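Shown next: data-v6.cif, given as mmCIF, C-alpha atoms.
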```cif
data_model
#
loop_
_atom_site.label_atom_id
_atom_site.label_comp_id
_atom_site.auth_asym_id
_atom_site.auth_seq_id
_atom_site.Cartn_x
_atom_site.Cartn_y
_atom_site.Cartn_z
CA MET A 1131 -3.48 -17.75 4.28
CA ASP A 1132 -6.47 -15.65 5.30
CA ILE A 1133 -6.10 -12.04 4.30
CA LEU A 1134 -6.93 -10.53 7.69
CA GLU A 1135 -4.55 -13.00 9.30
CA ALA A 1136 -1.85 -12.15 6.77
CA ILE A 1137 -2.24 -8.44 7.45
CA ARG A 1138 -2.22 -9.04 11.21
CA THR A 1139 0.79 -11.36 11.35
CA ARG A 1140 3.08 -9.78 8.73
CA ARG A 1141 6.28 -8.45 10.26
CA SER A 1142 9.45 -6.94 8.82
CA ILE A 1143 11.90 -9.84 8.57
CA ARG A 1144 15.65 -9.23 8.49
CA LYS A 1145 17.15 -12.67 9.08
CA PHE A 1146 16.94 -15.28 6.36
CA GLU A 1147 17.93 -18.85 5.60
CA ASP A 1148 20.65 -19.41 3.04
CA ARG A 1149 18.13 -20.75 0.54
CA ALA A 1150 17.23 -19.47 -2.91
CA VAL A 1151 13.74 -18.20 -3.75
CA PRO A 1152 12.40 -19.90 -6.90
CA ARG A 1153 11.66 -17.58 -9.80
CA GLU A 1154 8.08 -18.94 -9.90
CA THR A 1155 7.53 -17.72 -6.33
CA LEU A 1156 8.82 -14.26 -7.20
CA GLU A 1157 6.50 -14.23 -10.21
CA ARG A 1158 3.53 -14.79 -7.90
CA VAL A 1159 4.71 -11.88 -5.78
CA LEU A 1160 5.05 -9.68 -8.88
CA ARG A 1161 1.56 -10.71 -9.97
CA ALA A 1162 0.24 -9.49 -6.62
CA ALA A 1163 2.18 -6.24 -7.01
CA MET A 1164 0.62 -5.54 -10.40
CA ALA A 1165 -2.88 -6.20 -9.01
CA ALA A 1166 -2.61 -3.03 -6.91
CA PRO A 1167 -4.88 -0.13 -7.73
CA SER A 1168 -3.38 2.99 -9.29
CA ALA A 1169 -4.67 6.46 -10.05
CA LYS A 1170 -6.53 6.42 -13.40
CA ASP A 1171 -5.48 2.76 -13.54
CA GLU A 1172 -2.22 3.89 -15.09
CA GLN A 1173 -0.11 1.11 -13.55
CA PRO A 1174 3.07 3.18 -13.92
CA TRP A 1175 5.40 0.51 -12.60
CA ARG A 1176 8.43 -1.44 -13.70
CA PHE A 1177 10.16 -4.03 -11.53
CA ILE A 1178 13.65 -5.38 -11.11
CA ALA A 1179 13.36 -8.91 -9.74
CA VAL A 1180 16.58 -10.18 -8.18
CA THR A 1181 17.37 -13.81 -7.48
CA ASP A 1182 21.12 -13.32 -7.24
CA ARG A 1183 21.93 -12.99 -3.55
CA ALA A 1184 25.28 -11.26 -4.13
CA THR A 1185 23.40 -8.44 -5.87
CA VAL A 1186 20.86 -8.19 -3.06
CA ARG A 1187 23.72 -7.91 -0.57
CA LYS A 1188 25.10 -4.90 -2.43
CA VAL A 1189 22.05 -2.86 -1.40
CA ALA A 1190 23.38 -2.90 2.16
CA ALA A 1191 26.65 -1.33 0.95
CA PHE A 1192 25.03 2.04 0.21
CA HIS A 1193 21.84 1.94 2.31
CA PRO A 1194 21.98 2.25 6.12
CA GLY A 1195 18.40 0.98 6.44
CA ALA A 1196 19.06 -2.20 4.51
CA GLU A 1197 20.05 -4.59 7.29
CA ALA A 1198 17.65 -7.11 5.75
CA ALA A 1199 19.59 -7.10 2.47
CA LYS A 1200 22.63 -8.66 4.16
CA GLN A 1201 20.98 -12.08 4.46
CA ALA A 1202 18.10 -11.84 1.97
CA THR A 1203 18.39 -14.13 -1.05
CA ALA A 1204 15.99 -12.28 -3.35
CA GLY A 1205 14.46 -8.88 -3.84
CA VAL A 1206 12.17 -6.72 -5.90
CA LEU A 1207 12.86 -3.10 -6.80
CA VAL A 1208 9.66 -1.18 -7.53
CA CYS A 1209 10.34 1.60 -10.04
CA HIS A 1210 8.29 4.46 -11.37
CA ASP A 1211 8.32 5.09 -15.10
CA PRO A 1212 7.14 8.67 -15.78
CA ALA A 1213 6.50 7.69 -19.40
CA LEU A 1214 3.60 5.54 -18.13
CA GLU A 1215 2.10 8.34 -16.03
CA GLN A 1216 -1.29 9.76 -17.02
CA ILE A 1217 -2.13 11.84 -13.97
CA GLU A 1218 0.20 13.84 -11.81
CA GLY A 1219 0.61 13.55 -8.08
CA TYR A 1220 -0.40 10.00 -7.19
CA TRP A 1221 2.39 7.79 -8.48
CA VAL A 1222 4.17 7.51 -5.12
CA GLN A 1223 0.97 6.11 -3.61
CA ASP A 1224 0.48 3.72 -6.54
CA HIS A 1225 3.90 2.21 -5.95
CA ALA A 1226 3.43 2.00 -2.20
CA ALA A 1227 0.19 0.06 -2.70
CA ALA A 1228 2.03 -2.32 -5.03
CA THR A 1229 4.82 -2.67 -2.46
CA GLN A 1230 2.31 -3.51 0.27
CA ASN A 1231 0.90 -6.24 -1.99
CA ILE A 1232 4.45 -7.57 -2.37
CA LEU A 1233 4.90 -7.76 1.42
CA LEU A 1234 1.56 -9.49 1.98
CA SER A 1235 1.92 -11.99 -0.86
CA ALA A 1236 5.49 -12.82 0.18
CA HIS A 1237 4.24 -13.52 3.71
CA ALA A 1238 1.48 -15.75 2.34
CA LEU A 1239 3.99 -17.70 0.26
CA GLY A 1240 6.16 -18.45 3.29
CA LEU A 1241 8.74 -15.76 2.64
CA GLY A 1242 9.91 -13.05 4.98
CA ALA A 1243 10.28 -9.55 3.60
CA CYS A 1244 11.41 -6.07 4.56
CA TRP A 1245 10.58 -2.75 2.85
CA ILE A 1246 13.69 -0.69 2.18
CA GLY A 1247 13.13 2.94 1.17
CA GLY A 1248 14.17 4.53 -2.10
CA HIS A 1249 12.43 7.69 -3.35
CA PRO A 1250 12.47 10.50 -2.25
CA ILE A 1251 15.91 10.17 -0.60
CA VAL A 1252 18.25 11.08 -3.46
CA ALA A 1253 21.24 9.09 -2.17
CA PHE A 1254 19.13 5.90 -2.07
CA GLU A 1255 17.70 6.53 -5.55
CA LYS A 1256 21.25 7.00 -6.82
CA GLY A 1257 22.43 3.81 -5.10
CA PHE A 1258 19.69 1.71 -6.69
CA ARG A 1259 20.20 3.32 -10.11
CA GLU A 1260 23.90 2.52 -10.04
CA LEU A 1261 23.51 -1.02 -8.73
CA PHE A 1262 20.94 -1.98 -11.34
CA GLY A 1263 22.12 0.23 -14.20
CA LEU A 1264 18.81 2.07 -14.38
CA PRO A 1265 18.29 5.02 -16.72
CA GLU A 1266 17.88 8.43 -15.05
CA SER A 1267 14.24 8.44 -16.16
CA LEU A 1268 13.26 5.58 -13.84
CA VAL A 1269 12.63 6.38 -10.16
CA PRO A 1270 13.47 3.57 -7.71
CA VAL A 1271 10.67 3.91 -5.15
CA ALA A 1272 11.13 0.91 -2.87
CA PHE A 1273 13.15 -2.26 -2.58
CA VAL A 1274 11.75 -5.33 -0.86
CA ALA A 1275 14.40 -7.71 0.46
CA MET A 1276 13.07 -11.27 0.66
CA GLY A 1277 13.92 -14.80 1.53
CA TYR A 1278 12.92 -17.74 3.66
CA PRO A 1279 12.74 -16.36 7.20
CA ALA A 1280 15.25 -17.40 9.84
CA GLU A 1281 13.39 -15.53 12.56
CA THR A 1282 9.81 -15.72 13.79
CA LEU A 1283 8.30 -12.54 15.11
CA PRO A 1284 4.98 -12.52 16.97
CA ALA A 1285 2.05 -10.52 15.62
CA ARG A 1286 1.79 -7.06 17.16
CA ASP A 1287 -1.33 -5.23 18.24
CA THR A 1288 -0.91 -1.84 16.60
CA TYR A 1289 -4.57 -0.77 16.84
CA ARG A 1290 -4.96 2.54 18.64
CA ALA A 1291 -8.56 3.57 19.20
CA GLU A 1292 -7.49 7.12 20.02
CA ARG A 1293 -6.27 7.60 16.46
CA VAL A 1294 -9.82 7.26 15.12
CA SER A 1295 -12.49 9.98 15.07
CA TRP A 1296 -16.01 8.76 14.30
CA VAL A 1297 -18.54 10.65 12.21
CA GLY A 1298 -22.07 9.26 12.31
CA MET B 974 -10.63 -15.12 2.15
CA ASP B 975 -7.21 -16.20 0.93
CA ILE B 976 -4.77 -13.31 0.65
CA LEU B 977 -3.58 -14.02 -2.89
CA GLU B 978 -7.22 -14.45 -3.95
CA ALA B 979 -8.17 -11.19 -2.21
CA ILE B 980 -5.37 -9.32 -3.98
CA ARG B 981 -6.32 -10.89 -7.32
CA THR B 982 -10.08 -10.30 -7.13
CA ARG B 983 -10.20 -6.85 -5.51
CA ARG B 984 -11.72 -4.25 -7.80
CA SER B 985 -12.67 -0.60 -7.36
CA ILE B 986 -16.39 -0.65 -6.52
CA ARG B 987 -18.58 2.40 -7.17
CA LYS B 988 -22.14 1.06 -6.81
CA PHE B 989 -23.44 0.14 -3.39
CA GLU B 990 -26.53 -1.20 -1.68
CA ASP B 991 -28.48 1.17 0.53
CA ARG B 992 -27.31 -0.65 3.64
CA ALA B 993 -25.32 0.62 6.60
CA VAL B 994 -21.87 -0.75 7.46
CA PRO B 995 -21.70 -1.76 11.14
CA ARG B 996 -19.16 0.11 13.21
CA GLU B 997 -17.59 -3.22 14.24
CA THR B 998 -16.84 -3.97 10.58
CA LEU B 999 -15.18 -0.59 10.11
CA GLU B 1000 -13.14 -1.23 13.23
CA ARG B 1001 -11.78 -4.42 11.66
CA VAL B 1002 -10.84 -2.42 8.58
CA LEU B 1003 -9.10 0.20 10.73
CA ARG B 1004 -7.24 -2.54 12.57
CA ALA B 1005 -5.92 -3.76 9.20
CA ALA B 1006 -4.94 -0.20 8.27
CA MET B 1007 -2.91 0.22 11.44
CA ALA B 1008 -1.10 -3.07 10.83
CA ALA B 1009 0.64 -1.55 7.80
CA PRO B 1010 4.38 -1.04 7.94
CA SER B 1011 5.73 2.49 8.22
CA ALA B 1012 9.17 4.04 8.00
CA LYS B 1013 10.93 3.81 11.39
CA ASP B 1014 7.64 2.24 12.57
CA GLU B 1015 6.36 5.75 13.21
CA GLN B 1016 2.71 4.96 12.35
CA PRO B 1017 2.01 8.63 11.60
CA TRP B 1018 -1.68 8.14 10.90
CA ARG B 1019 -5.03 9.38 12.14
CA PHE B 1020 -8.34 8.25 10.71
CA ILE B 1021 -11.79 9.71 10.28
CA ALA B 1022 -14.26 6.82 10.16
CA VAL B 1023 -17.61 7.78 8.66
CA THR B 1024 -20.80 5.79 9.05
CA ASP B 1025 -23.12 8.66 8.15
CA ARG B 1026 -23.95 8.25 4.48
CA ALA B 1027 -25.00 11.89 4.01
CA THR B 1028 -21.48 12.92 5.00
CA VAL B 1029 -19.90 10.40 2.63
CA ARG B 1030 -22.05 11.79 -0.21
CA LYS B 1031 -20.66 15.28 0.39
CA VAL B 1032 -17.24 14.10 -0.80
CA ALA B 1033 -18.67 13.87 -4.31
CA ALA B 1034 -19.67 17.55 -4.12
CA PHE B 1035 -16.09 18.78 -4.27
CA HIS B 1036 -14.23 15.84 -5.79
CA PRO B 1037 -14.62 14.91 -9.46
CA GLY B 1038 -13.05 11.49 -8.88
CA ALA B 1039 -15.49 10.55 -6.13
CA GLU B 1040 -18.24 8.83 -8.13
CA ALA B 1041 -18.12 6.02 -5.54
CA ALA B 1042 -19.02 8.44 -2.73
CA LYS B 1043 -22.49 9.03 -4.23
CA GLN B 1044 -23.77 5.61 -3.19
CA ALA B 1045 -21.26 4.54 -0.54
CA THR B 1046 -22.63 4.26 2.99
CA ALA B 1047 -19.34 4.48 4.88
CA GLY B 1048 -15.81 5.71 4.45
CA VAL B 1049 -12.42 6.14 6.02
CA LEU B 1050 -10.23 9.22 5.60
CA VAL B 1051 -6.54 8.45 6.11
CA CYS B 1052 -4.73 11.49 7.50
CA HIS B 1053 -1.10 12.29 8.07
CA ASP B 1054 -0.16 13.90 11.38
CA PRO B 1055 3.27 15.57 11.04
CA ALA B 1056 3.51 15.63 14.84
CA LEU B 1057 3.85 11.84 14.72
CA GLU B 1058 6.59 11.91 12.07
CA GLN B 1059 10.10 10.75 13.00
CA ILE B 1060 11.71 10.51 9.60
CA GLU B 1061 11.20 12.74 6.61
CA GLY B 1062 10.19 11.63 3.16
CA TYR B 1063 8.30 8.40 3.60
CA TRP B 1064 4.97 9.34 5.11
CA VAL B 1065 3.06 9.34 1.82
CA GLN B 1066 4.11 5.73 1.29
CA ASP B 1067 3.18 4.81 4.88
CA HIS B 1068 -0.36 6.04 4.33
CA ALA B 1069 -0.69 4.39 0.95
CA ALA B 1070 0.28 1.05 2.49
CA ALA B 1071 -2.37 1.57 5.18
CA THR B 1072 -4.91 2.46 2.49
CA GLN B 1073 -4.12 -0.70 0.55
CA ASN B 1074 -4.74 -2.71 3.74
CA ILE B 1075 -8.10 -0.94 4.03
CA LEU B 1076 -9.06 -1.95 0.49
CA LEU B 1077 -8.03 -5.57 0.96
CA SER B 1078 -9.64 -6.01 4.37
CA ALA B 1079 -12.86 -4.36 3.18
CA HIS B 1080 -12.97 -6.81 0.27
CA ALA B 1081 -12.40 -9.73 2.64
CA LEU B 1082 -15.24 -8.54 4.87
CA GLY B 1083 -17.73 -8.47 1.99
CA LEU B 1084 -17.52 -4.74 1.38
CA GLY B 1085 -16.78 -2.94 -1.85
CA ALA B 1086 -14.40 0.00 -1.74
CA CYS B 1087 -12.87 2.69 -3.90
CA TRP B 1088 -9.72 4.76 -3.26
CA ILE B 1089 -10.34 8.48 -3.70
CA GLY B 1090 -7.27 10.73 -3.85
CA GLY B 1091 -6.43 13.52 -1.44
CA HIS B 1092 -2.84 14.70 -1.04
CA PRO B 1093 -1.04 16.17 -2.98
CA ILE B 1094 -3.92 17.83 -4.88
CA VAL B 1095 -4.51 20.95 -2.81
CA ALA B 1096 -8.18 21.37 -3.78
CA PHE B 1097 -8.96 17.84 -2.57
CA GLU B 1098 -7.04 18.35 0.69
CA LYS B 1099 -9.02 21.54 1.23
CA GLY B 1100 -12.32 19.81 0.51
CA PHE B 1101 -11.64 17.05 3.02
CA ARG B 1102 -10.39 19.52 5.63
CA GLU B 1103 -13.56 21.58 5.34
CA LEU B 1104 -15.95 18.63 5.29
CA PHE B 1105 -14.47 17.05 8.39
CA GLY B 1106 -13.35 20.20 10.21
CA LEU B 1107 -9.73 19.11 10.25
CA PRO B 1108 -6.97 21.36 11.56
CA GLU B 1109 -4.53 22.70 8.96
CA SER B 1110 -1.82 20.54 10.52
CA LEU B 1111 -3.44 17.27 9.37
CA VAL B 1112 -2.96 16.18 5.77
CA PRO B 1113 -5.84 14.19 4.24
CA VAL B 1114 -4.01 11.63 2.13
CA ALA B 1115 -6.73 9.31 0.88
CA PHE B 1116 -10.43 8.62 1.34
CA VAL B 1117 -11.84 5.13 0.90
CA ALA B 1118 -15.54 5.05 0.07
CA MET B 1119 -17.13 1.79 1.20
CA GLY B 1120 -20.34 -0.13 1.40
CA TYR B 1121 -21.98 -3.41 0.47
CA PRO B 1122 -21.37 -3.78 -3.26
CA ALA B 1123 -24.23 -3.51 -5.75
CA GLU B 1124 -21.98 -4.50 -8.64
CA THR B 1125 -19.79 -7.53 -9.24
CA LEU B 1126 -16.68 -6.98 -11.30
CA PRO B 1127 -14.59 -9.89 -12.59
CA ALA B 1128 -10.97 -10.24 -11.58
CA ARG B 1129 -8.55 -8.72 -14.07
CA ASP B 1130 -5.23 -10.10 -15.25
CA THR B 1131 -2.93 -7.12 -14.85
CA TYR B 1132 0.34 -9.08 -14.91
CA ARG B 1133 2.72 -7.82 -17.60
CA ALA B 1134 5.86 -9.89 -17.97
CA GLU B 1135 7.50 -7.13 -20.02
CA ARG B 1136 7.46 -4.84 -17.00
CA VAL B 1137 9.90 -7.12 -15.15
CA SER B 1138 13.66 -7.26 -15.61
CA TRP B 1139 15.38 -10.23 -13.99
CA VAL B 1140 18.76 -10.13 -12.30
CA GLY B 1141 20.26 -13.52 -11.46
#
```

Whole structure, C-alpha cells version:
Amino acid sequence: MDILEAIRTRRSIRKFEDRAVPRETLERVLRAAMAAPSAKDEQPWRFIAVTDRATVRKVAAFHPGAEAAKQATAGVLVCHDPALEQIEGYWVQDHAAATQNILLSAHALGLGACWIGGHPIVAFEKGFRELFGLPESLVPVAFVAMGYPAETLPARDTYRAERVSWVG
Amino acid sequence: MDILEAIRTRRSIRKFEDRAVPRETLERVLRAAMAAPSAKDEQPWRFIAVTDRATVRKVAAFHPGAEAAKQATAGVLVCHDPALEQIEGYWVQDHAAATQNILLSAHALGLGACWIGGHPIVAFEKGFRELFGLPESLVPVAFVAMGYPAETLPARDTYRAERVSWVG
C-alpha cells in the first residue's frame, strides 16, 4: 500500500472479525514500531504483543475508551522503560511515533486498529500494569487493539488550510 | 512508495541540496500530518510551514540538536493550541503522531527530514516562539527540517526480539 494512501485512508477501527491475527503479522507490525525515530536514537521501548483475544477483551473492563478491545483479537502495548532512557523529556513522543507506525503498518497489512490511551492517565497505567503483570518501572504508554476489520470507514478529509501559517 | 518500505527505509537526514521545496509539496506533507489520529479526534494542532531557508537556518542558532537546520531549505513547526484541546493528557502524543506522518510523507515525496525537539525543553520552546513570533499560548512541540537530501543513508535493522513479550 502506498504510504500517502495509507496515511490518508487509515481510520480507527472498533469492529473486528472473529479471526486470529498470525504472530508473523504482529511481528511485522512490531518491526515497523521499532523503526520509529527516537530522541538520541535511544529506542526506549518494550512491547507486550497479545494474540490471546480473552486478554485483549480485559482491557475494556477497566478502560472506558477501549470499545475496540471488545472485539479485537490481538493487541500491542507500547511501554516505556526508563532504564533505556538517555535524554529526558522526549520519551512520550518516541512512543507515540512508534504507535503511529503500528497503526499505519497494521492498516497496510489488512488489519484494523485503534489507539487506546495509557500514560499519563494513572488509572489506565495501573489497569495495564495489573493486566499484564508489569513491574512498576515500566510505563504503559499506549495500547493498540487490532484485528481483521468488520467495518469499512471512508477516508476523511481532515486538512484545514486555516491551521497553517506560511513563512517565506 | 510502499508504506512498510517507507517506514523501514526512513532515516534522519541532515545534509541537503541547495534547492527549494515547492509549497505544493509541503502542502502534501501537511495533509499527511493532519490525517494523524488524536485523542477524542480533537486535532489540536497548528503548523508553521517555512519555505524561507534563512529562517530555517535560524533554528540552528538556538538549538544544539538542529544540525539539520543548517542546510535544510524548508521546515514545519508542529504547535499545540490548548484552545483546541478537549481532553487532557494526550496532546503530546497527538502531535508526535502528526510529526511521524510528516517524516514518512516527506520521505515518500523524495525529501529528507529530521525531527528537532521542542516541548518540553523550555529553552527550545522559547527559541521557536521568538523566531516565529508565536503567542505564549501556543506550544511548539516539534520542528521538522526538510529538503532534498544530499546524503543517502542505508536502512537500519532496529528490530529487537528481546524487547517483545508475547501473551497468547

Residues of chain A no more than 6 Å from chain B, counting only C-alpha atoms: send them over as a PyMOL selection string. chain A and resi 1131-1133+1161+1164-1165+1176-1182+1219+1223+1226-1227+1230+1250+1288-1289+1293-1298

Mind fitting chain A onto chain B over all Cα atoms in sequence order and sending the result as a compact mmCIF listing (two decimals) with C-alpha atoms, in the frame of the given file?
```txt
# COMPACT_ATOMS: atom_id res chain seq x y z
CA MET A 1131 -10.61 -15.11 2.14
CA ASP A 1132 -7.19 -16.20 0.92
CA ILE A 1133 -4.78 -13.32 0.65
CA LEU A 1134 -3.60 -14.03 -2.89
CA GLU A 1135 -7.22 -14.44 -3.94
CA ALA A 1136 -8.16 -11.20 -2.21
CA ILE A 1137 -5.38 -9.33 -3.98
CA ARG A 1138 -6.33 -10.90 -7.32
CA THR A 1139 -10.08 -10.31 -7.12
CA ARG A 1140 -10.21 -6.86 -5.48
CA ARG A 1141 -11.73 -4.25 -7.78
CA SER A 1142 -12.69 -0.61 -7.35
CA ILE A 1143 -16.40 -0.65 -6.52
CA ARG A 1144 -18.58 2.39 -7.15
CA LYS A 1145 -22.13 1.07 -6.81
CA PHE A 1146 -23.44 0.13 -3.40
CA GLU A 1147 -26.53 -1.21 -1.68
CA ASP A 1148 -28.47 1.17 0.53
CA ARG A 1149 -27.31 -0.66 3.64
CA ALA A 1150 -25.31 0.63 6.59
CA VAL A 1151 -21.86 -0.74 7.45
CA PRO A 1152 -21.69 -1.76 11.13
CA ARG A 1153 -19.14 0.13 13.21
CA GLU A 1154 -17.58 -3.22 14.23
CA THR A 1155 -16.83 -3.97 10.57
CA LEU A 1156 -15.19 -0.59 10.10
CA GLU A 1157 -13.13 -1.23 13.23
CA ARG A 1158 -11.76 -4.41 11.65
CA VAL A 1159 -10.84 -2.41 8.57
CA LEU A 1160 -9.11 0.22 10.73
CA ARG A 1161 -7.24 -2.54 12.56
CA ALA A 1162 -5.92 -3.76 9.21
CA ALA A 1163 -4.94 -0.20 8.27
CA MET A 1164 -2.89 0.23 11.44
CA ALA A 1165 -1.10 -3.09 10.82
CA ALA A 1166 0.65 -1.55 7.80
CA PRO A 1167 4.38 -1.04 7.96
CA SER A 1168 5.74 2.50 8.22
CA ALA A 1169 9.18 4.05 8.00
CA LYS A 1170 10.91 3.79 11.40
CA ASP A 1171 7.63 2.24 12.56
CA GLU A 1172 6.35 5.74 13.21
CA GLN A 1173 2.71 4.96 12.36
CA PRO A 1174 2.00 8.63 11.61
CA TRP A 1175 -1.69 8.14 10.91
CA ARG A 1176 -5.02 9.38 12.15
CA PHE A 1177 -8.35 8.25 10.70
CA ILE A 1178 -11.79 9.71 10.26
CA ALA A 1179 -14.26 6.82 10.15
CA VAL A 1180 -17.61 7.77 8.65
CA THR A 1181 -20.81 5.79 9.05
CA ASP A 1182 -23.12 8.66 8.15
CA ARG A 1183 -23.96 8.26 4.48
CA ALA A 1184 -25.01 11.90 4.01
CA THR A 1185 -21.48 12.93 4.99
CA VAL A 1186 -19.91 10.41 2.63
CA ARG A 1187 -22.05 11.79 -0.19
CA LYS A 1188 -20.65 15.27 0.40
CA VAL A 1189 -17.23 14.10 -0.80
CA ALA A 1190 -18.67 13.87 -4.30
CA ALA A 1191 -19.69 17.55 -4.12
CA PHE A 1192 -16.09 18.80 -4.28
CA HIS A 1193 -14.22 15.82 -5.78
CA PRO A 1194 -14.63 14.90 -9.47
CA GLY A 1195 -13.06 11.48 -8.87
CA ALA A 1196 -15.49 10.53 -6.14
CA GLU A 1197 -18.24 8.82 -8.12
CA ALA A 1198 -18.12 6.02 -5.54
CA ALA A 1199 -19.02 8.44 -2.73
CA LYS A 1200 -22.47 9.04 -4.23
CA GLN A 1201 -23.76 5.61 -3.19
CA ALA A 1202 -21.23 4.54 -0.54
CA THR A 1203 -22.63 4.25 2.98
CA ALA A 1204 -19.34 4.48 4.88
CA GLY A 1205 -15.81 5.72 4.46
CA VAL A 1206 -12.41 6.15 6.01
CA LEU A 1207 -10.23 9.23 5.60
CA VAL A 1208 -6.55 8.44 6.11
CA CYS A 1209 -4.73 11.49 7.48
CA HIS A 1210 -1.11 12.29 8.10
CA ASP A 1211 -0.17 13.91 11.39
CA PRO A 1212 3.26 15.58 11.04
CA ALA A 1213 3.51 15.66 14.84
CA LEU A 1214 3.86 11.85 14.73
CA GLU A 1215 6.58 11.91 12.07
CA GLN A 1216 10.09 10.75 13.01
CA ILE A 1217 11.71 10.51 9.60
CA GLU A 1218 11.19 12.73 6.62
CA GLY A 1219 10.19 11.64 3.16
CA TYR A 1220 8.28 8.38 3.60
CA TRP A 1221 4.96 9.35 5.13
CA VAL A 1222 3.06 9.34 1.83
CA GLN A 1223 4.11 5.72 1.30
CA ASP A 1224 3.17 4.80 4.88
CA HIS A 1225 -0.36 6.05 4.34
CA ALA A 1226 -0.69 4.38 0.95
CA ALA A 1227 0.28 1.03 2.49
CA ALA A 1228 -2.36 1.56 5.18
CA THR A 1229 -4.91 2.47 2.50
CA GLN A 1230 -4.12 -0.70 0.55
CA ASN A 1231 -4.74 -2.70 3.74
CA ILE A 1232 -8.10 -0.94 4.03
CA LEU A 1233 -9.07 -1.95 0.48
CA LEU A 1234 -8.02 -5.58 0.96
CA SER A 1235 -9.64 -6.01 4.38
CA ALA A 1236 -12.86 -4.37 3.18
CA HIS A 1237 -12.96 -6.82 0.26
CA ALA A 1238 -12.41 -9.74 2.64
CA LEU A 1239 -15.25 -8.55 4.87
CA GLY A 1240 -17.71 -8.47 1.97
CA LEU A 1241 -17.53 -4.74 1.37
CA GLY A 1242 -16.77 -2.94 -1.85
CA ALA A 1243 -14.38 -0.02 -1.73
CA CYS A 1244 -12.86 2.69 -3.90
CA TRP A 1245 -9.72 4.76 -3.24
CA ILE A 1246 -10.35 8.47 -3.70
CA GLY A 1247 -7.28 10.71 -3.84
CA GLY A 1248 -6.44 13.50 -1.42
CA HIS A 1249 -2.83 14.69 -1.02
CA PRO A 1250 -1.04 16.15 -2.96
CA ILE A 1251 -3.90 17.83 -4.87
CA VAL A 1252 -4.51 20.97 -2.80
CA ALA A 1253 -8.17 21.39 -3.78
CA PHE A 1254 -8.95 17.84 -2.57
CA GLU A 1255 -7.03 18.35 0.69
CA LYS A 1256 -9.01 21.55 1.24
CA GLY A 1257 -12.31 19.80 0.49
CA PHE A 1258 -11.65 17.05 3.03
CA ARG A 1259 -10.40 19.52 5.65
CA GLU A 1260 -13.56 21.59 5.33
CA LEU A 1261 -15.95 18.64 5.29
CA PHE A 1262 -14.47 17.06 8.39
CA GLY A 1263 -13.35 20.21 10.21
CA LEU A 1264 -9.72 19.12 10.24
CA PRO A 1265 -6.97 21.38 11.56
CA GLU A 1266 -4.52 22.73 8.96
CA SER A 1267 -1.81 20.53 10.50
CA LEU A 1268 -3.45 17.28 9.37
CA VAL A 1269 -2.96 16.17 5.75
CA PRO A 1270 -5.85 14.19 4.24
CA VAL A 1271 -4.01 11.62 2.11
CA ALA A 1272 -6.75 9.31 0.87
CA PHE A 1273 -10.42 8.62 1.34
CA VAL A 1274 -11.84 5.13 0.90
CA ALA A 1275 -15.54 5.05 0.06
CA MET A 1276 -17.14 1.79 1.19
CA GLY A 1277 -20.33 -0.14 1.39
CA TYR A 1278 -21.98 -3.40 0.47
CA PRO A 1279 -21.38 -3.77 -3.27
CA ALA A 1280 -24.22 -3.52 -5.75
CA GLU A 1281 -21.98 -4.50 -8.65
CA THR A 1282 -19.78 -7.53 -9.25
CA LEU A 1283 -16.68 -6.99 -11.29
CA PRO A 1284 -14.60 -9.90 -12.59
CA ALA A 1285 -10.96 -10.25 -11.56
CA ARG A 1286 -8.56 -8.72 -14.08
CA ASP A 1287 -5.24 -10.09 -15.25
CA THR A 1288 -2.93 -7.12 -14.85
CA TYR A 1289 0.34 -9.08 -14.92
CA ARG A 1290 2.69 -7.82 -17.61
CA ALA A 1291 5.86 -9.87 -17.97
CA GLU A 1292 7.49 -7.13 -20.02
CA ARG A 1293 7.46 -4.83 -17.00
CA VAL A 1294 9.89 -7.11 -15.15
CA SER A 1295 13.67 -7.23 -15.61
CA TRP A 1296 15.38 -10.23 -14.01
CA VAL A 1297 18.76 -10.14 -12.31
CA GLY A 1298 20.24 -13.53 -11.48
```

Spatial neighbours of Val1151 of chain A, max dist 9 Å, only C-alpha atoms, sep filter under 5 positions, as a list in words: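 Listed by chain and then number, they are Leu1156, Thr1181, Thr1203, Ala1204, Leu1241, Met1276, Gly1277 and Tyr1278 of chain A.
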
Could you state the separation of atom CA of His1036 of chain B and atom CA of Val1269 of chain A in Å, given to one decimal place? 28.8 Å

What does the structure give for the distance between atom CA of Val1117 of chain B and atom CA of Glu1040 of chain B, in Å to one decimal?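 Spanning atom CA of Val1117 of chain B to atom CA of Glu1040 of chain B is a straight-line distance of 11.7 Å.
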
For the atom pair atom CA of Ala1118 of chain B and atom CA of Gly1106 of chain B, what is the interatomic distance in Å to one decimal place? 18.4 Å

What would segment 1163-1169 of chain A look like with N, CA and C atoms restored, written as a PDB file, in the frame of the given file?
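Saved the output as out-v1.pdb:
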```pdb
ATOM      1  N   ALA A1163       1.799  -7.652  -6.919  1.00  0.00           N
ATOM      2  CA  ALA A1163       2.180  -6.240  -7.010  1.00  0.00           C
ATOM      3  C   ALA A1163       1.376  -5.538  -8.102  1.00  0.00           C
ATOM      4  N   MET A1164       1.281  -6.170  -9.242  1.00  0.00           N
ATOM      5  CA  MET A1164       0.620  -5.540 -10.400  1.00  0.00           C
ATOM      6  C   MET A1164      -0.901  -5.553 -10.279  1.00  0.00           C
ATOM      7  N   ALA A1165      -1.428  -6.228  -9.264  1.00  0.00           N
ATOM      8  CA  ALA A1165      -2.880  -6.200  -9.010  1.00  0.00           C
ATOM      9  C   ALA A1165      -3.272  -5.005  -8.149  1.00  0.00           C
ATOM     10  N   ALA A1166      -2.312  -4.204  -7.751  1.00  0.00           N
ATOM     11  CA  ALA A1166      -2.610  -3.030  -6.910  1.00  0.00           C
ATOM     12  C   ALA A1166      -3.392  -1.999  -7.722  1.00  0.00           C
ATOM     13  N   PRO A1167      -4.189  -1.213  -7.029  1.00  0.00           N
ATOM     14  CA  PRO A1167      -4.880  -0.130  -7.730  1.00  0.00           C
ATOM     15  C   PRO A1167      -3.879   0.981  -8.046  1.00  0.00           C
ATOM     16  N   SER A1168      -4.204   1.803  -9.018  1.00  0.00           N
ATOM     17  CA  SER A1168      -3.380   2.990  -9.290  1.00  0.00           C
ATOM     18  C   SER A1168      -4.283   4.091  -9.814  1.00  0.00           C
ATOM     19  N   ALA A1169      -3.863   5.316  -9.619  1.00  0.00           N
ATOM     20  CA  ALA A1169      -4.670   6.460 -10.050  1.00  0.00           C
ATOM     21  C   ALA A1169      -4.900   6.375 -11.555  1.00  0.00           C
TER      22      ALA A1169
END
```
